[in-house]
Amino acid sequence: MQTDIKKMAIVTGGNRGIGLETCRQLSQLGIKVILTSRDDGKGLQAVDSLRIEGLDVGFHQLDVTDSDSITRLKEYIQANYHKLDILVNNAGIFLDSGKSVFDVPLEEIHATLETNFYGPLKLCRAFVPLMRENGYGRIVNVSSSMGSIANMGGRSAAYKISKVALNALTRIMADEFGKENIKVNTMSPGWVRTDMGGSNAPRSLAEGADTIVWLATLPDNGPSGGFFQDRSPIAW
C-alpha cells in the first residue's frame with residue numbers, strides 16, 4: 001500500500017475530451033490520478049500522452065455499465081492505495097440528439113440511463129465507504145445544462161432525463177452525507193469542443209474542465225449539493 005500520496009482521484013471516461021483534460025489539470029496539482037476508460041488501448045494511449053508531459057497518471061480499465069468492472073477497480077484501489085479522495089463521474093453518452101420523445105427507441109433510453117445515471121450511482125456506492133473510512137471525499141458529477149428542469153424543452157429526452165436523474169442523485173447524497181467531510185456537487189461544462197460537442201462549440205477543453213477541478217478540490221468549508229457552471233450556481 002502506498003502512503004505518500006496526498007490526494008487520490010479517479011476520473012471516468014478519461015481517455016478523451018473533458019475527462020482527459022480533467023486528468024491533466026488534477027495531475028498538475030500534484031494529485032495522483034487514475035484515468036479510466038472502457039477501451040484499454042485508448043486509455044493507455046491517453047495515459048502515455050499525459051506522461052509525455054511529465055505527469056504521473058495511472059490507468060485502469062472501467063466500463064461504468066458493468067458491475068464486475070466497477071468491483072475490479074474498487075479492489076485495485078483498495079489493494080494499492082487503500083483510499084480514494086476524489087471521484088469524477090465524467091463518462092457519458094448522448095444517443096438521441098434532436099429525437100422526439102415519441103420516437104426515441106426505449107433501448108436508447110435504457111442505455112443512456114445505464115451509463116449516465118446508474119454508472120455514477122454504482123461508483124458512488126463502491127467508493128463512498130473508502131471516503132468515509134478516511135473522513136474525506138469530493139464527488140463531482142458531470143451533468144449538463146440540458147438537465148436543468150428550469151430550462152427544460154423538448155427532444156433529446158433520454159439524455160436530458162439521465163442528467164436530471166444525476167442531478168437528483170447529487171442532492172440526495174449531499175443530504176445523506178450531512179456533516180461528513182464528503183462533498184458532492186454536479187456541474188455543467190457548457191458547450192465544449194469535444195467529439196460530443198463538435199468543432200463549432202465556443203468553449204475550450206480547459207474551460208470545460210475548470211469547474212470540475214474546482215469542485216474536486218474544494219476546501220472543507222466549500223459547498224455541497226450544488227449545480228454549477230463556471231464556478232457559479234445555476235438553476236436546477
# chains A, B, ... in the order shown; residues from 1 in each chain; ligands from 1

call {"tool": "residues_around", "arguments": {"residues": "range 148-150 of chain A", "least_positions_apart": "3", "cutoff": "12 Å", "atoms": "only C-alpha atoms", "output": "PyMOL selection string"}}
result
chain A and resi 143-145+153-154+159-168+186-188+227-229+233-236

call {"tool": "write_last_selection", "arguments": {"atoms": "C-alpha atoms", "output": "PDB file, in the first residue's frame"}}
result
ATOM      1  CA  SER A 143     -24.079  16.889 -15.843  1.00  0.00           C
ATOM      2  CA  SER A 144     -25.373  19.373 -18.420  1.00  0.00           C
ATOM      3  CA  SER A 145     -27.499  22.492 -18.657  1.00  0.00           C
ATOM      4  CA  GLY A 153     -37.503  21.878 -23.555  1.00  0.00           C
ATOM      5  CA  GLY A 154     -38.436  19.161 -25.989  1.00  0.00           C
ATOM      6  CA  TYR A 159     -30.007  12.419 -22.395  1.00  0.00           C
ATOM      7  CA  LYS A 160     -31.969  15.105 -20.554  1.00  0.00           C
ATOM      8  CA  ILE A 161     -33.719  12.615 -18.259  1.00  0.00           C
ATOM      9  CA  SER A 162     -30.401  10.940 -17.427  1.00  0.00           C
ATOM     10  CA  LYS A 163     -28.907  14.265 -16.368  1.00  0.00           C
ATOM     11  CA  VAL A 164     -31.989  15.232 -14.334  1.00  0.00           C
ATOM     12  CA  ALA A 165     -31.600  11.908 -12.515  1.00  0.00           C
ATOM     13  CA  LEU A 166     -27.902  12.556 -11.935  1.00  0.00           C
ATOM     14  CA  ASN A 167     -28.707  15.985 -10.512  1.00  0.00           C
ATOM     15  CA  ALA A 168     -31.303  14.458  -8.185  1.00  0.00           C
ATOM     16  CA  THR A 186     -22.960  18.446 -10.066  1.00  0.00           C
ATOM     17  CA  MET A 187     -21.858  20.741 -12.859  1.00  0.00           C
ATOM     18  CA  SER A 188     -22.359  21.729 -16.471  1.00  0.00           C
ATOM     19  CA  PHE A 227     -25.313  22.675  -9.500  1.00  0.00           C
ATOM     20  CA  PHE A 228     -22.553  24.809 -11.015  1.00  0.00           C
ATOM     21  CA  GLN A 229     -21.181  26.229 -14.236  1.00  0.00           C
ATOM     22  CA  PRO A 233     -24.570  28.183  -9.140  1.00  0.00           C
ATOM     23  CA  ILE A 234     -27.064  27.622 -11.967  1.00  0.00           C
ATOM     24  CA  ALA A 235     -30.781  26.827 -11.935  1.00  0.00           C
ATOM     25  CA  TRP A 236     -31.898  23.284 -11.236  1.00  0.00           C
TER      26      TRP A 236
END

call {"tool": "closest_atom_pairs", "arguments": {"of": "range 34-63 of chain A", "to": "range 16-24 of chain A", "cutoff": "9 Å", "atoms": "only C-alpha atoms", "output": "Markdown table"}}
result
| residue | atom | partner | partner_atom | distance |
| --- | --- | --- | --- | --- |
| A:Ile34 | CA | A:Cys23 | CA | 8.0 |
| A:Leu35 | CA | A:Cys23 | CA | 6.7 |
| A:Lys42 | CA | A:Arg16 | CA | 8.5 |
| A:Gly43 | CA | A:Arg16 | CA | 8.5 |
| A:Ala46 | CA | A:Arg16 | CA | 7.1 |
| A:Val47 | CA | A:Leu20 | CA | 8.8 |
| A:Leu50 | CA | A:Arg24 | CA | 6.8 |
| A:Leu55 | CA | A:Arg24 | CA | 7.5 |
| A:Val57 | CA | A:Cys23 | CA | 7.7 |

call {"tool": "residues_around", "arguments": {"residues": "Arg155 in chain A", "least_positions_apart": "5", "cutoff": "12 Å", "atoms": "only C-alpha atoms", "output": "short mmCIF file (atom, residue, chain, number, x, y, z; two decimals) with N, CA and C atoms, in the first residue's frame"}}
result
data_model
loop_
_atom_site.label_atom_id
_atom_site.label_comp_id
_atom_site.auth_asym_id
_atom_site.auth_seq_id
_atom_site.Cartn_x
_atom_site.Cartn_y
_atom_site.Cartn_z
N LEU A 95 -27.10 9.64 -27.16
CA LEU A 95 -27.51 8.84 -28.31
C LEU A 95 -28.68 9.42 -29.08
N ASP A 96 -29.44 10.32 -28.44
CA ASP A 96 -30.72 10.70 -29.04
C ASP A 96 -30.80 12.19 -29.36
N SER A 97 -29.72 12.77 -29.79
CA SER A 97 -29.69 14.20 -30.09
C SER A 97 -30.79 14.60 -31.08
N GLY A 98 -31.68 15.49 -30.64
CA GLY A 98 -32.72 16.02 -31.51
C GLY A 98 -33.92 15.13 -31.73
N LYS A 99 -33.90 13.90 -31.19
CA LYS A 99 -35.01 12.98 -31.42
C LYS A 99 -36.21 13.34 -30.53
N SER A 100 -37.39 13.16 -31.07
CA SER A 100 -38.60 13.38 -30.30
C SER A 100 -38.74 12.31 -29.23
N VAL A 101 -39.31 12.69 -28.09
CA VAL A 101 -39.56 11.72 -27.02
C VAL A 101 -40.49 10.61 -27.50
N PHE A 102 -41.30 10.86 -28.53
CA PHE A 102 -42.22 9.87 -29.05
C PHE A 102 -41.56 8.90 -30.03
N ASP A 103 -40.34 9.22 -30.44
CA ASP A 103 -39.67 8.40 -31.44
C ASP A 103 -38.42 7.70 -30.94
N VAL A 104 -37.80 8.22 -29.89
CA VAL A 104 -36.54 7.63 -29.44
C VAL A 104 -36.79 6.19 -28.97
N MET A 146 -28.66 20.87 -20.08
CA MET A 146 -29.83 20.20 -20.62
C MET A 146 -30.56 19.39 -19.56
N LYS A 160 -31.50 14.13 -21.55
CA LYS A 160 -31.97 15.11 -20.55
C LYS A 160 -32.44 14.41 -19.28
N ILE A 161 -33.22 13.34 -19.42
CA ILE A 161 -33.72 12.61 -18.26
C ILE A 161 -32.56 12.03 -17.45
#

call {"tool": "select_by_dssp", "arguments": {"residues": "range 141-223 of chain A", "states": "strand (DSSP E)", "output": "NGL selection string"}}
result
:A and (141-142 or 182-187)

call {"tool": "write_last_selection", "arguments": {"atoms": "N, CA and C atoms", "output": "PDB file, in the first residue's frame"}}
result
ATOM      1  N   ASN A 141     -20.172  15.141 -10.205  1.00  0.00           N
ATOM      2  CA  ASN A 141     -20.997  14.522 -11.236  1.00  0.00           C
ATOM      3  C   ASN A 141     -21.103  15.478 -12.425  1.00  0.00           C
ATOM      4  N   VAL A 142     -20.592  15.043 -13.557  1.00  0.00           N
ATOM      5  CA  VAL A 142     -20.594  15.893 -14.747  1.00  0.00           C
ATOM      6  C   VAL A 142     -21.958  15.779 -15.419  1.00  0.00           C
ATOM      7  N   ILE A 182     -17.541  14.926   3.212  1.00  0.00           N
ATOM      8  CA  ILE A 182     -17.661  14.388   1.861  1.00  0.00           C
ATOM      9  C   ILE A 182     -18.606  15.312   1.113  1.00  0.00           C
ATOM     10  N   LYS A 183     -18.122  15.942   0.086  1.00  0.00           N
ATOM     11  CA  LYS A 183     -18.906  16.911  -0.668  1.00  0.00           C
ATOM     12  C   LYS A 183     -19.208  16.354  -2.053  1.00  0.00           C
ATOM     13  N   VAL A 184     -20.453  16.499  -2.457  1.00  0.00           N
ATOM     14  CA  VAL A 184     -20.867  16.039  -3.781  1.00  0.00           C
ATOM     15  C   VAL A 184     -21.601  17.173  -4.476  1.00  0.00           C
ATOM     16  N   ASN A 185     -21.173  17.460  -5.681  1.00  0.00           N
ATOM     17  CA  ASN A 185     -21.778  18.517  -6.479  1.00  0.00           C
ATOM     18  C   ASN A 185     -21.919  18.049  -7.927  1.00  0.00           C
ATOM     19  N   THR A 186     -22.791  18.712  -8.648  1.00  0.00           N
ATOM     20  CA  THR A 186     -22.960  18.446 -10.066  1.00  0.00           C
ATOM     21  C   THR A 186     -22.641  19.716 -10.842  1.00  0.00           C
ATOM     22  N   MET A 187     -22.270  19.568 -12.091  1.00  0.00           N
ATOM     23  CA  MET A 187     -21.858  20.741 -12.859  1.00  0.00           C
ATOM     24  C   MET A 187     -22.160  20.568 -14.338  1.00  0.00           C
TER      25      MET A 187
END

call {"tool": "residues_around", "arguments": {"residues": "Thr115 in chain A", "least_positions_apart": "5", "cutoff": "9 Å", "atoms": "only C-alpha atoms", "output": "MDAnalysis selection string"}}
result
chainID A and resid 63:65 91:93 110 120 162

call {"tool": "write_last_selection", "arguments": {"atoms": "N, CA and C atoms", "output": "PDB file, in the first residue's frame"}}
result
ATOM      1  N   ASP A  63     -15.671  -0.099 -17.318  1.00  0.00           N
ATOM      2  CA  ASP A  63     -16.932   0.060 -18.028  1.00  0.00           C
ATOM      3  C   ASP A  63     -17.966   0.370 -16.962  1.00  0.00           C
ATOM      4  N   VAL A  64     -18.466   1.598 -16.933  1.00  0.00           N
ATOM      5  CA  VAL A  64     -19.342   2.011 -15.839  1.00  0.00           C
ATOM      6  C   VAL A  64     -20.682   1.280 -15.863  1.00  0.00           C
ATOM      7  N   THR A  65     -21.011   0.592 -16.967  1.00  0.00           N
ATOM      8  CA  THR A  65     -22.254  -0.170 -17.035  1.00  0.00           C
ATOM      9  C   THR A  65     -22.075  -1.608 -16.556  1.00  0.00           C
ATOM     10  N   ALA A  91     -17.858   9.968 -17.406  1.00  0.00           N
ATOM     11  CA  ALA A  91     -18.255   9.134 -18.543  1.00  0.00           C
ATOM     12  C   ALA A  91     -19.723   9.339 -18.869  1.00  0.00           C
ATOM     13  N   GLY A  92     -20.017   9.550 -20.147  1.00  0.00           N
ATOM     14  CA  GLY A  92     -21.399   9.765 -20.539  1.00  0.00           C
ATOM     15  C   GLY A  92     -21.599   9.531 -22.023  1.00  0.00           C
ATOM     16  N   ILE A  93     -22.848   9.280 -22.399  1.00  0.00           N
ATOM     17  CA  ILE A  93     -23.200   9.084 -23.801  1.00  0.00           C
ATOM     18  C   ILE A  93     -24.409   9.960 -24.144  1.00  0.00           C
ATOM     19  N   HIS A 110     -32.780   3.273 -22.121  1.00  0.00           N
ATOM     20  CA  HIS A 110     -32.173   2.365 -21.155  1.00  0.00           C
ATOM     21  C   HIS A 110     -30.650   2.472 -21.169  1.00  0.00           C
ATOM     22  N   PRO A 120     -22.704   6.271 -12.392  1.00  0.00           N
ATOM     23  CA  PRO A 120     -22.297   7.087 -11.254  1.00  0.00           C
ATOM     24  C   PRO A 120     -22.857   6.584  -9.922  1.00  0.00           C
ATOM     25  N   SER A 162     -31.541  11.518 -18.146  1.00  0.00           N
ATOM     26  CA  SER A 162     -30.401  10.940 -17.427  1.00  0.00           C
ATOM     27  C   SER A 162     -29.674  11.987 -16.599  1.00  0.00           C
TER      28      SER A 162
END

call {"tool": "closest_residue", "arguments": {"among": "A:Gln78, A:Gly222, A:Thr194, A:Tyr118", "to": "Ala209 in chain A", "atoms": "only C-alpha atoms"}}
result
A:Thr194

call {"tool": "atom_distance", "arguments": {"atom1": "CA of Val213 in chain A", "atom2": "CA of Met131 in chain A"}}
result
18.0 Å

call {"tool": "atom_distance", "arguments": {"atom1": "CA of Gln25 in chain A", "atom2": "CA of Asp220 in chain A"}}
result
20.4 Å
